[in-house]
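S.K.: File run-v4.json follows (JSON, C-alpha atoms and all ligand atoms):
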[["chain", "number", "residue", "atom", "x", "y", "z"],
["A", 1, "MET", "CA", -8.12, 19.66, 30.16],
["A", 2, "SER", "CA", -10.36, 18.33, 32.93],
["A", 3, "VAL", "CA", -10.34, 20.03, 36.31],
["A", 4, "SER", "CA", -11.05, 17.98, 39.43],
["A", 5, "PRO", "CA", -12.86, 19.73, 42.24],
["A", 6, "PRO", "CA", -10.75, 20.16, 45.36],
["A", 7, "ALA", "CA", -11.42, 17.60, 48.06],
["A", 8, "LEU", "CA", -14.32, 18.90, 50.10],
["A", 9, "THR", "CA", -14.28, 18.54, 53.82],
["A", 10, "PHE", "CA", -17.93, 19.38, 54.48],
["A", 11, "LEU", "CA", -18.83, 17.67, 57.68],
["A", 12, "PRO", "CA", -21.84, 18.32, 59.85],
["A", 13, "VAL", "CA", -22.19, 22.02, 60.48],
["A", 14, "THR", "CA", -25.24, 23.83, 61.72],
["A", 15, "MET", "CA", -27.27, 24.93, 58.75],
["A", 16, "SER", "CA", -27.70, 28.38, 60.21],
["A", 17, "ASP", "CA", -24.02, 28.90, 60.92],
["A", 18, "TRP", "CA", -22.18, 27.75, 57.82],
["A", 19, "LYS", "CA", -18.48, 28.50, 57.69],
["A", 20, "ASP", "CA", -15.98, 28.01, 54.92],
["A", 21, "PRO", "CA", -15.12, 24.28, 55.12],
["A", 22, "ASP", "CA", -11.41, 25.08, 55.02],
["A", 23, "ASN", "CA", -11.81, 26.68, 58.44],
["A", 24, "VAL", "CA", -13.99, 24.00, 60.01],
["A", 25, "PRO", "CA", -12.06, 21.26, 61.78],
["A", 26, "ASP", "CA", -13.26, 17.71, 61.10],
["A", 27, "PRO", "CA", -15.40, 16.44, 63.99],
["A", 28, "GLN", "CA", -13.50, 13.73, 65.82],
["A", 29, "ILE", "CA", -14.95, 10.94, 67.90],
["A", 30, "ASN", "CA", -12.49, 8.85, 69.89],
["A", 31, "GLY", "CA", -9.69, 10.34, 67.80],
["A", 32, "GLU", "CA", -11.31, 9.31, 64.50],
["A", 33, "SER", "CA", -12.86, 11.48, 61.81],
["A", 34, "TYR", "CA", -16.63, 11.23, 62.08],
["A", 35, "ARG", "CA", -19.13, 11.31, 59.23],
["A", 36, "ASN", "CA", -22.89, 11.28, 59.75],
["A", 37, "PRO", "CA", -24.22, 8.05, 58.19],
["A", 38, "THR", "CA", -27.27, 9.82, 56.72],
["A", 39, "GLU", "CA", -25.20, 12.49, 55.00],
["A", 40, "VAL", "CA", -25.53, 12.69, 51.22],
["A", 41, "LYS", "CA", -23.48, 15.05, 49.06],
["A", 42, "MET", "CA", -24.22, 15.98, 45.50],
["A", 43, "SER", "CA", -22.15, 18.23, 43.23],
["A", 44, "GLN", "CA", -23.41, 19.60, 39.93],
["A", 45, "ILE", "CA", -21.75, 21.88, 37.43],
["A", 46, "VAL", "CA", -24.19, 24.52, 36.18],
["A", 47, "LEU", "CA", -24.63, 24.13, 32.42],
["A", 48, "PRO", "CA", -26.51, 26.47, 30.08],
["A", 49, "CYS", "CA", -29.45, 24.01, 30.10],
["A", 50, "HIS", "CA", -29.85, 24.62, 33.86],
["A", 51, "ALA", "CA", -29.90, 28.41, 33.51],
["A", 52, "ASN", "CA", -32.72, 30.93, 33.23],
["A", 53, "HIS", "CA", -32.88, 33.81, 30.73],
["A", 54, "CYS", "CA", -30.37, 35.77, 32.87],
["A", 55, "GLY", "CA", -27.73, 33.04, 32.55],
["A", 56, "GLU", "CA", -28.06, 32.09, 36.21],
["A", 57, "LEU", "CA", -29.04, 28.75, 37.67],
["A", 58, "SER", "CA", -32.84, 28.56, 37.69],
["A", 59, "VAL", "CA", -34.29, 28.24, 41.18],
["A", 60, "GLY", "CA", -36.55, 25.44, 39.96],
["A", 61, "GLN", "CA", -33.53, 23.37, 38.90],
["A", 62, "LEU", "CA", -31.84, 24.02, 42.25],
["A", 63, "LEU", "CA", -35.01, 22.95, 44.11],
["A", 64, "LYS", "CA", -35.06, 19.70, 42.10],
["A", 65, "TRP", "CA", -31.44, 18.94, 43.05],
["A", 66, "MET", "CA", -32.10, 19.81, 46.71],
["A", 67, "ASP", "CA", -35.17, 17.57, 46.81],
["A", 68, "SER", "CA", -33.33, 14.61, 45.25],
["A", 69, "THR", "CA", -30.36, 14.92, 47.61],
["A", 70, "ALA", "CA", -32.63, 15.21, 50.67],
["A", 71, "CYS", "CA", -34.73, 12.25, 49.53],
["A", 72, "LEU", "CA", -31.63, 10.04, 49.30],
["A", 73, "SER", "CA", -30.62, 11.05, 52.81],
["A", 74, "ALA", "CA", -34.13, 10.31, 54.15],
["A", 75, "GLU", "CA", -34.24, 6.93, 52.41],
["A", 76, "ARG", "CA", -30.75, 6.07, 53.66],
["A", 77, "HIS", "CA", -32.02, 6.56, 57.21],
["A", 78, "ALA", "CA", -35.47, 5.04, 56.71],
["A", 79, "GLY", "CA", -34.32, 2.08, 54.62],
["A", 80, "CYS", "CA", -37.52, 2.41, 52.59],
["A", 81, "SER", "CA", -39.23, 4.67, 50.11],
["A", 82, "CYS", "CA", -39.92, 8.26, 51.34],
["A", 83, "ILE", "CA", -41.88, 11.24, 50.02],
["A", 84, "THR", "CA", -41.49, 15.01, 50.41],
["A", 85, "ALA", "CA", -44.16, 16.29, 52.81],
["A", 86, "SER", "CA", -42.96, 19.90, 53.06],
["A", 87, "VAL", "CA", -40.04, 22.27, 52.66],
["A", 88, "ASP", "CA", -39.67, 25.23, 55.03],
["A", 89, "ASP", "CA", -38.95, 28.81, 53.94],
["A", 90, "ILE", "CA", -35.79, 29.22, 51.87],
["A", 91, "HIS", "CA", -33.85, 32.48, 51.57],
["A", 92, "PHE", "CA", -31.44, 32.56, 48.66],
["A", 93, "GLU", "CA", -28.39, 34.66, 49.48],
["A", 94, "HIS", "CA", -26.69, 34.58, 46.05],
["A", 95, "THR", "CA", -27.38, 33.71, 42.44],
["A", 96, "ILE", "CA", -25.26, 31.02, 40.78],
["A", 97, "GLY", "CA", -23.80, 31.53, 37.32],
["A", 98, "VAL", "CA", -23.20, 29.04, 34.51],
["A", 99, "GLY", "CA", -19.87, 27.25, 35.00],
["A", 100, "LYS", "CA", -20.01, 27.32, 38.80],
["A", 101, "VAL", "CA", -20.28, 24.15, 40.85],
["A", 102, "VAL", "CA", -23.23, 23.65, 43.19],
["A", 103, "ASN", "CA", -22.55, 21.48, 46.25],
["A", 104, "ILE", "CA", -25.54, 20.16, 48.16],
["A", 105, "ILE", "CA", -25.30, 18.33, 51.48],
["A", 106, "ALA", "CA", -28.30, 16.75, 53.18],
["A", 107, "LYS", "CA", -28.56, 14.88, 56.45],
["A", 108, "VAL", "CA", -31.34, 13.69, 58.73],
["A", 109, "ASN", "CA", -31.48, 15.87, 61.85],
["A", 110, "ARG", "CA", -34.16, 13.93, 63.65],
["A", 111, "ALA", "CA", -36.71, 11.19, 63.05],
["A", 112, "PHE", "CA", -40.14, 11.37, 64.67],
["A", 113, "THR", "CA", -42.69, 8.61, 64.02],
["A", 114, "SER", "CA", -42.91, 8.19, 60.24],
["A", 115, "SER", "CA", -41.53, 11.64, 59.40],
["A", 116, "MET", "CA", -38.04, 13.08, 59.63],
["A", 117, "GLU", "CA", -36.45, 16.48, 59.26],
["A", 118, "VAL", "CA", -33.70, 16.68, 56.66],
["A", 119, "GLY", "CA", -31.31, 19.63, 56.76],
["A", 120, "ILE", "CA", -30.05, 20.78, 53.35],
["A", 121, "LEU", "CA", -27.09, 23.08, 52.81],
["A", 122, "VAL", "CA", -26.28, 24.56, 49.39],
["A", 123, "THR", "CA", -22.94, 26.14, 48.62],
["A", 124, "CYS", "CA", -21.44, 27.38, 45.39],
["A", 125, "GLU", "CA", -17.87, 26.85, 44.31],
["A", 126, "ASP", "CA", -15.67, 28.54, 41.76],
["A", 127, "LEU", "CA", -13.28, 25.83, 40.58],
["A", 128, "TYR", "CA", -10.74, 28.28, 39.23],
["A", 129, "THR", "CA", -10.39, 30.45, 42.33],
["A", 130, "ASP", "CA", -11.09, 27.69, 44.87],
["A", 131, "LYS", "CA", -13.62, 29.98, 46.61],
["A", 132, "GLN", "CA", -16.84, 28.69, 48.15],
["A", 133, "TRP", "CA", -19.81, 30.53, 49.55],
["A", 134, "LYS", "CA", -23.15, 29.64, 51.08],
["A", 135, "VAL", "CA", -26.21, 29.99, 48.85],
["A", 136, "CYS", "CA", -29.00, 28.82, 51.16],
["A", 137, "HIS", "CA", -30.07, 26.25, 53.67],
["A", 138, "ALA", "CA", -33.42, 24.56, 54.05],
["A", 139, "PHE", "CA", -35.27, 22.04, 56.17],
["A", 140, "ALA", "CA", -37.48, 19.49, 54.48],
["A", 141, "THR", "CA", -39.81, 16.94, 56.00],
["A", 142, "PHE", "CA", -39.85, 13.51, 54.41],
["A", 143, "VAL", "CA", -42.32, 10.78, 55.32],
["A", 144, "ALA", "CA", -41.71, 7.05, 55.00],
["A", 145, "ARG", "CA", -44.39, 5.58, 52.75],
["A", 146, "ARG", "CA", -47.00, 3.50, 54.52],
["A", 147, "THR", "CA", -46.71, -0.21, 53.99],
["A", 148, "GLU", "CA", -49.48, -2.80, 54.01],
["A", 149, "ALA", "CA", -48.81, -3.11, 57.74],
["A", 150, "GLY", "CA", -49.61, 0.61, 58.17],
["A", 151, "LYS", "CA", -47.57, 3.58, 59.29],
["A", 152, "VAL", "CA", -43.80, 3.06, 59.42],
["A", 153, "GLN", "CA", -42.04, 3.58, 62.77],
["A", 154, "LEU", "CA", -38.62, 5.05, 61.95],
["A", 155, "LYS", "CA", -35.53, 4.26, 63.98],
["A", 156, "GLN", "CA", -34.32, 7.21, 66.03],
["A", 157, "VAL", "CA", -31.36, 9.36, 65.06],
["A", 158, "ILE", "CA", -28.61, 9.43, 67.66],
["A", 159, "PRO", "CA", -26.69, 12.71, 67.63],
["A", 160, "HIS", "CA", -22.95, 12.20, 68.04],
["A", 161, "THR", "CA", -21.48, 15.70, 67.89],
["A", 162, "GLN", "CA", -22.37, 18.95, 69.60],
["A", 163, "MET", "CA", -23.65, 20.33, 66.28],
["A", 164, "GLU", "CA", -25.83, 17.28, 65.71],
["A", 165, "GLN", "CA", -27.17, 17.56, 69.25],
["A", 166, "MET", "CA", -28.13, 21.19, 68.59],
["A", 167, "GLU", "CA", -29.87, 20.36, 65.28],
["A", 168, "TYR", "CA", -31.61, 17.44, 66.99],
["A", 169, "SER", "CA", -33.09, 19.73, 69.66],
["A", 170, "LEU", "CA", -33.98, 22.49, 67.20],
["A", 171, "ALA", "CA", -35.66, 19.97, 64.88],
["A", 172, "ALA", "CA", -38.35, 19.26, 67.47],
["A", 173, "GLU", "CA", -39.05, 22.97, 67.88],
["A", 174, "ARG", "CA", -39.15, 23.55, 64.11],
["A", 175, "ARG", "CA", -41.55, 20.62, 63.73],
["A", 176, "ARG", "CA", -43.88, 22.12, 66.30],
["A", 177, "MET", "CA", -43.81, 25.43, 64.42],
["A", 178, "ARG", "CA", -44.46, 23.91, 60.98],
["A", 179, "LEU", "CA", -47.39, 21.87, 62.24],
["A", 180, "ILE", "CA", -49.12, 24.94, 63.72],
["A", 181, "HIS", "CA", -48.24, 27.11, 60.71],
["A", 182, "ALA", "CA", -51.19, 25.89, 58.61],
["A", 183, "GLU", "CA", -53.58, 26.57, 61.49],
["A", 184, "ILE", "CA", -52.24, 30.11, 61.95],
["A", 185, "ILE", "CA", -52.67, 30.89, 58.23],
["A", 186, "THR", "CA", -56.24, 29.57, 58.28],
["A", 187, "ASP", "CA", -57.01, 31.71, 61.35],
["A", 188, "LEU", "CA", -55.46, 34.77, 59.70],
["A", 189, "LEU", "CA", -57.59, 34.33, 56.59],
["A", 190, "SER", "CA", -60.79, 33.89, 58.55],
["A", 191, "SER", "CA", -60.11, 36.88, 60.79],
["A", 192, "SER", "CA", -58.83, 39.16, 58.01],
["A", 193, "THR", "CA", -60.53, 42.56, 57.97],
["A", 194, "ALA", "CA", -59.22, 43.63, 54.52],
["A", 195, "GLN", "CA", -61.86, 45.56, 52.58],
["A", 196, "LEU", "CA", -62.39, 45.52, 48.83],
["A", 197, "GLY", "CA", -61.02, 48.72, 47.31],
["A", 198, "GLU", "CA", -58.51, 49.24, 50.12],
["A", 199, "CYS", "CA", -55.62, 49.50, 47.59],
["A", 200, "GLN", "CA", -57.29, 51.81, 45.10],
["A", 201, "GLU", "CA", -55.50, 54.84, 46.53],
["A", 202, "TYR", "CA", -52.26, 53.77, 44.75],
["A", 203, "GLU", "CA", -52.00, 55.41, 41.31],
["A", 204, "ASP", "CA", -50.09, 52.59, 39.61],
["A", 205, "ALA", "CA", -52.03, 49.78, 41.26],
["A", 206, "VAL", "CA", -52.52, 46.73, 39.02],
["A", 207, "PRO", "CA", -55.58, 44.53, 39.32],
["A", 208, "ALA", "CA", -54.44, 41.33, 41.00],
["A", 209, "GLU", "CA", -56.17, 39.41, 38.21],
["A", 210, "ARG", "CA", -53.60, 40.81, 35.72],
["A", 211, "THR", "CA", -50.80, 39.01, 37.52],
["A", 212, "ARG", "CA", -52.61, 35.69, 37.46],
["A", 213, "VAL", "CA", -50.68, 33.00, 35.57],
["A", 214, "GLU", "CA", -51.85, 29.47, 35.00],
["A", 215, "SER", "CA", -49.80, 26.59, 33.71],
["A", 216, "VAL", "CA", -50.85, 23.09, 32.79],
["A", 217, "GLU", "CA", -48.16, 20.44, 32.94],
["A", 218, "LEU", "CA", -48.30, 16.92, 31.58],
["A", 219, "VAL", "CA", -46.45, 14.53, 33.87],
["A", 220, "LEU", "CA", -43.96, 12.67, 31.69],
["A", 221, "PRO", "CA", -41.35, 10.02, 32.57],
["A", 222, "PRO", "CA", -38.52, 12.59, 33.06],
["A", 223, "HIS", "CA", -40.63, 14.21, 35.80],
["A", 224, "ALA", "CA", -40.98, 11.00, 37.80],
["A", 225, "ASN", "CA", -38.71, 9.77, 40.53],
["A", 226, "HIS", "CA", -37.50, 6.25, 41.27],
["A", 227, "GLN", "CA", -40.89, 5.57, 42.92],
["A", 228, "VAL", "CA", -42.59, 6.46, 39.58],
["A", 229, "SER", "CA", -44.42, 9.44, 41.09],
["A", 230, "THR", "CA", -43.75, 13.12, 40.40],
["A", 231, "PHE", "CA", -40.66, 14.50, 42.07],
["A", 232, "GLY", "CA", -41.51, 16.99, 44.84],
["A", 233, "GLY", "CA", -38.67, 19.10, 43.39],
["A", 234, "GLN", "CA", -40.32, 19.02, 39.94],
["A", 235, "ILE", "CA", -43.54, 20.38, 41.39],
["A", 236, "MET", "CA", -41.61, 23.14, 43.16],
["A", 237, "ALA", "CA", -39.84, 23.91, 39.86],
["A", 238, "TRP", "CA", -43.18, 24.31, 38.04],
["A", 239, "MET", "CA", -44.47, 26.50, 40.87],
["A", 240, "GLU", "CA", -41.36, 28.70, 40.74],
["A", 241, "ASN", "CA", -41.71, 29.10, 36.96],
["A", 242, "VAL", "CA", -45.29, 30.31, 37.20],
["A", 243, "ALA", "CA", -44.46, 32.59, 40.15],
["A", 244, "THR", "CA", -41.62, 34.20, 38.16],
["A", 245, "ILE", "CA", -43.96, 34.98, 35.24],
["A", 246, "ALA", "CA", -46.58, 36.34, 37.65],
["A", 247, "ALA", "CA", -43.96, 38.66, 39.16],
["A", 248, "TRP", "CA", -43.14, 39.97, 35.67],
["A", 249, "CYS", "CA", -46.78, 40.92, 35.11],
["A", 250, "SER", "CA", -46.20, 44.11, 37.07],
["A", 251, "PRO", "CA", -46.11, 47.59, 35.47],
["A", 252, "THR", "CA", -42.46, 48.04, 36.42],
["A", 253, "ASP", "CA", -41.44, 45.81, 33.50],
["A", 254, "PHE", "CA", -38.81, 43.29, 34.53],
["A", 255, "LEU", "CA", -38.30, 42.90, 38.24],
["A", 256, "LEU", "CA", -35.07, 41.01, 37.82],
["A", 301, "LIG", "C1", -48.04, 15.72, 44.93],
["A", 301, "LIG", "C2", -46.66, 15.32, 44.65],
["A", 301, "LIG", "O1", -46.35, 14.55, 43.80],
["A", 301, "LIG", "S1", -45.52, 16.14, 45.63],
["A", 301, "LIG", "C3", -44.17, 15.15, 45.52],
["A", 301, "LIG", "C4", -43.98, 14.10, 46.52],
["A", 301, "LIG", "N1", -44.73, 14.25, 47.71],
["A", 301, "LIG", "C5", -45.87, 13.60, 47.89],
["A", 301, "LIG", "O2", -46.36, 12.88, 47.04],
["A", 301, "LIG", "C6", -46.52, 13.81, 49.24],
["A", 301, "LIG", "C7", -48.03, 13.83, 49.12],
["A", 301, "LIG", "N2", -48.60, 13.90, 50.45],
["A", 301, "LIG", "C8", -48.90, 12.79, 51.19],
["A", 301, "LIG", "O3", -48.74, 11.66, 50.73],
["A", 301, "LIG", "C9", -49.46, 13.00, 52.56],
["A", 301, "LIG", "O4", -50.04, 14.29, 52.65],
["A", 301, "LIG", "C10", -48.39, 12.83, 53.70],
["A", 301, "LIG", "C11", -47.82, 11.41, 53.66],
["A", 301, "LIG", "C12", -47.23, 13.82, 53.56],
["A", 301, "LIG", "C13", -49.05, 13.05, 55.06],
["A", 301, "LIG", "O5", -50.17, 12.25, 55.08],
["A", 301, "LIG", "P1", -51.16, 12.20, 56.34],
["A", 301, "LIG", "O6", -52.38, 11.49, 55.96],
["A", 301, "LIG", "O7", -51.26, 13.57, 56.94],
["A", 301, "LIG", "O8", -50.39, 11.19, 57.27],
["A", 301, "LIG", "P2", -50.14, 11.28, 58.82],
["A", 301, "LIG", "O9", -51.15, 12.14, 59.50],
["A", 301, "LIG", "O10", -49.94, 9.88, 59.29],
["A", 301, "LIG", "O11", -48.75, 12.07, 58.90],
["A", 301, "LIG", "C14", -47.57, 11.41, 58.57],
["A", 301, "LIG", "C15", -46.43, 12.24, 59.10],
["A", 301, "LIG", "O12", -46.26, 13.38, 58.24],
["A", 301, "LIG", "C16", -46.17, 14.55, 59.04],
["A", 301, "LIG", "N3", -46.70, 15.64, 58.23],
["A", 301, "LIG", "C17", -47.87, 15.68, 57.58],
["A", 301, "LIG", "N4", -47.99, 16.85, 56.92],
["A", 301, "LIG", "C18", -46.86, 17.55, 57.18],
["A", 301, "LIG", "C19", -46.38, 18.83, 56.79],
["A", 301, "LIG", "N5", -47.07, 19.64, 56.00],
["A", 301, "LIG", "N6", -45.17, 19.23, 57.23],
["A", 301, "LIG", "C20", -44.44, 18.43, 58.02],
["A", 301, "LIG", "N7", -44.83, 17.19, 58.43],
["A", 301, "LIG", "C21", -46.04, 16.77, 58.01],
["A", 301, "LIG", "C22", -47.02, 14.24, 60.27],
["A", 301, "LIG", "O13", -46.66, 15.09, 61.34],
["A", 301, "LIG", "C23", -46.65, 12.80, 60.51],
["A", 301, "LIG", "O14", -45.41, 12.74, 61.19],
["A", 301, "LIG", "P3", -45.11, 11.55, 62.27],
["A", 301, "LIG", "O15", -45.55, 10.24, 61.64],
["A", 301, "LIG", "O16", -43.63, 11.59, 62.44],
["A", 301, "LIG", "O17", -45.86, 11.90, 63.49]]
Could the structure of this file be written out as structure tokens, please?

M.R.:
Amino acid sequence: MSVSPPALTFLPVTMSDWKDPDNVPDPQINGESYRNPTEVKMSQIVLPCHANHCGELSVGQLLKWMDSTACLSAERHAGCSCITASVDDIHFEHTIGVGKVVNIIAKVNRAFTSSMEVGILVTCEDLYTDKQWKVCHAFATFVARRTEAGKVQLKQVIPHTQMEQMEYSLAAERRRMRLIHAEIITDLLSSSTAQLGECQEYEDAVPAERTRVESVELVLPPHANHQVSTFGGQIMAWMENVATIAAWCSPTDFLL
């Protein structure tokens, strides 16, 4: 027997203030239901091939789906090929088991010159109980690929709802923060006063070298996107894999 997912009524909500869609009224403009033209929705059922050794959706797989959904939204707005420049911090609130449905919504919050901020919201759905809950939200920056004529000038996003207006304003502030972030980290490193041997007072301290994991990946056709370059999400998935193994290399056995 096949089960159809219930009709979803996800419409623009602030990423930081997600509410169960059943309780969110559809935004109306001039009496008509409004849908953001850059919005892209993707639903995936979690199969065993998407799971990690704990039977939960692997974060790497989720990052790949988030990146693909966000890229489609960026390209829908830009009308040309776009690449992932960065993804801001992500805090995962729940794990997702095999058999659950992952719903991903992405939309462009604001376009700058050749870059744009894409908001991504991930929720999980249990088809049999009709329950949904938020898993995480993220903000990614996509850049329209340069053409022979040079840097692309994107058309502006016009916010239509109060929520969109708020995300539009916040997007400029978040952009300012992400552009100075790299500078702050560089400053921190150069002004760090940490001394060698500072951690030796801990009895069960592990040499940092013992947690070092290296992986070499061959880029194959399944790792490439429609632009025939490596998916940003694929790179994040490889990074997450290596980070997970590095975390295991601690004396407390499995951290999970
Ligand atoms: C390696 C991979 O395969 S990862 C997967 C896919 N991703 C990629 O391939 C991206 C690889 N990176 C790149 O091509 C480049 O570093 C780019 C295009 C992201 C930036 O190139 P730059 O030479 O810095 O270009 P430029 O200075 O013109 O910046 C382009 C825009 O990107 C923005 N940008 C650059 N780096 C970042 C960043 N880390 N976070 C957010 N925005 C950024 C800039 O602010 C600028 O925005 P604007 O045009 O709206 O003002």

S.K.: Report, in Å with one decimal, the straight-line distance from CA of Leu72 (chain A) to CA of Thr84 (chain A).

M.R.: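 These two atoms are separated by 11.1 Å.
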
S.K.: What separation in Å, quoted to one decimal, exists between CA of Met239 (chain A) and atom C18 of ligand LIG 301 (chain A)?

M.R.: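 Calculated distance between CA of Met239 (chain A) and atom C18 of ligand LIG 301 (chain A) is 18.8 Å.
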
S.K.: Near Leu121 (chain A), within 7 Å and counting all atoms listed in the file, which residues show up once chain neighbours fewer than 5 positions away are dropped, as number ranges by chain?

M.R.: A: 15, 104-106, 136-138

S.K.: For a cut-off of 12 Å around (-43.0, 15.9, 31.6), file coordinates, pick out all residues using all atoms listed in the file and list them as an NGL selection string.

M.R.: :A and (216-225 or 229-231 or 234-235 or 237-238)

S.K.: How would you report the residues lying within 9 Å of ligand LIG 301 (chain A), as a ChimeraX atom specification, if you count all atoms listed in the file?

M.R.: /A:82-88,111-117,140-146,151-154,175,178-179,181-182,224,229-236

S.K.: Would you compute the distance between CA of Thr211 (chain A) and CA of Cys249 (chain A)? Give it in Å to one decimal.

M.R.: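 Between CA of Thr211 (chain A) and CA of Cys249 (chain A) the gap works out to 5.1 Å.
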
S.K.: Extract, using all atoms listed in the file, all DNA, RNA and protein residues at most 10 Å from Pro159 (chain A), discarding same-chain residues fewer than 6 positions from it, and format them as a list in words.

M.R.: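 Counting all atoms listed in the file, the residues come to Asn36, Asn109, Arg110, Gln165, Met166, Glu167, Tyr168 and Ser169 of chain A.
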
S.K.: Taking all atoms listed in the file into account, name the residue in A:Asn103, A:Ala247, A:Ile96, A:Met177 that is nearest to Ala208 (chain A).

M.R.: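 Using all atoms listed in the file, the shortest distance to Ala208 (chain A) belongs to A:Ala247.
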
S.K.: Skip Gly55 (chain A) itself and residues of its chain fewer than 6 positions away, then list as a PyMOL selection string all residues within 10 Å of it, counting only C-alpha atoms.

M.R.: chain A and resi 46-49+95-98

S.K.: Within 6 Å of Lys107 (chain A), counting only C-alpha atoms, which residues qualify if same-chain residues fewer than 6 places away don't, as a PyMOL selection string?

M.R.: chain A and resi 38-39+73+118-119
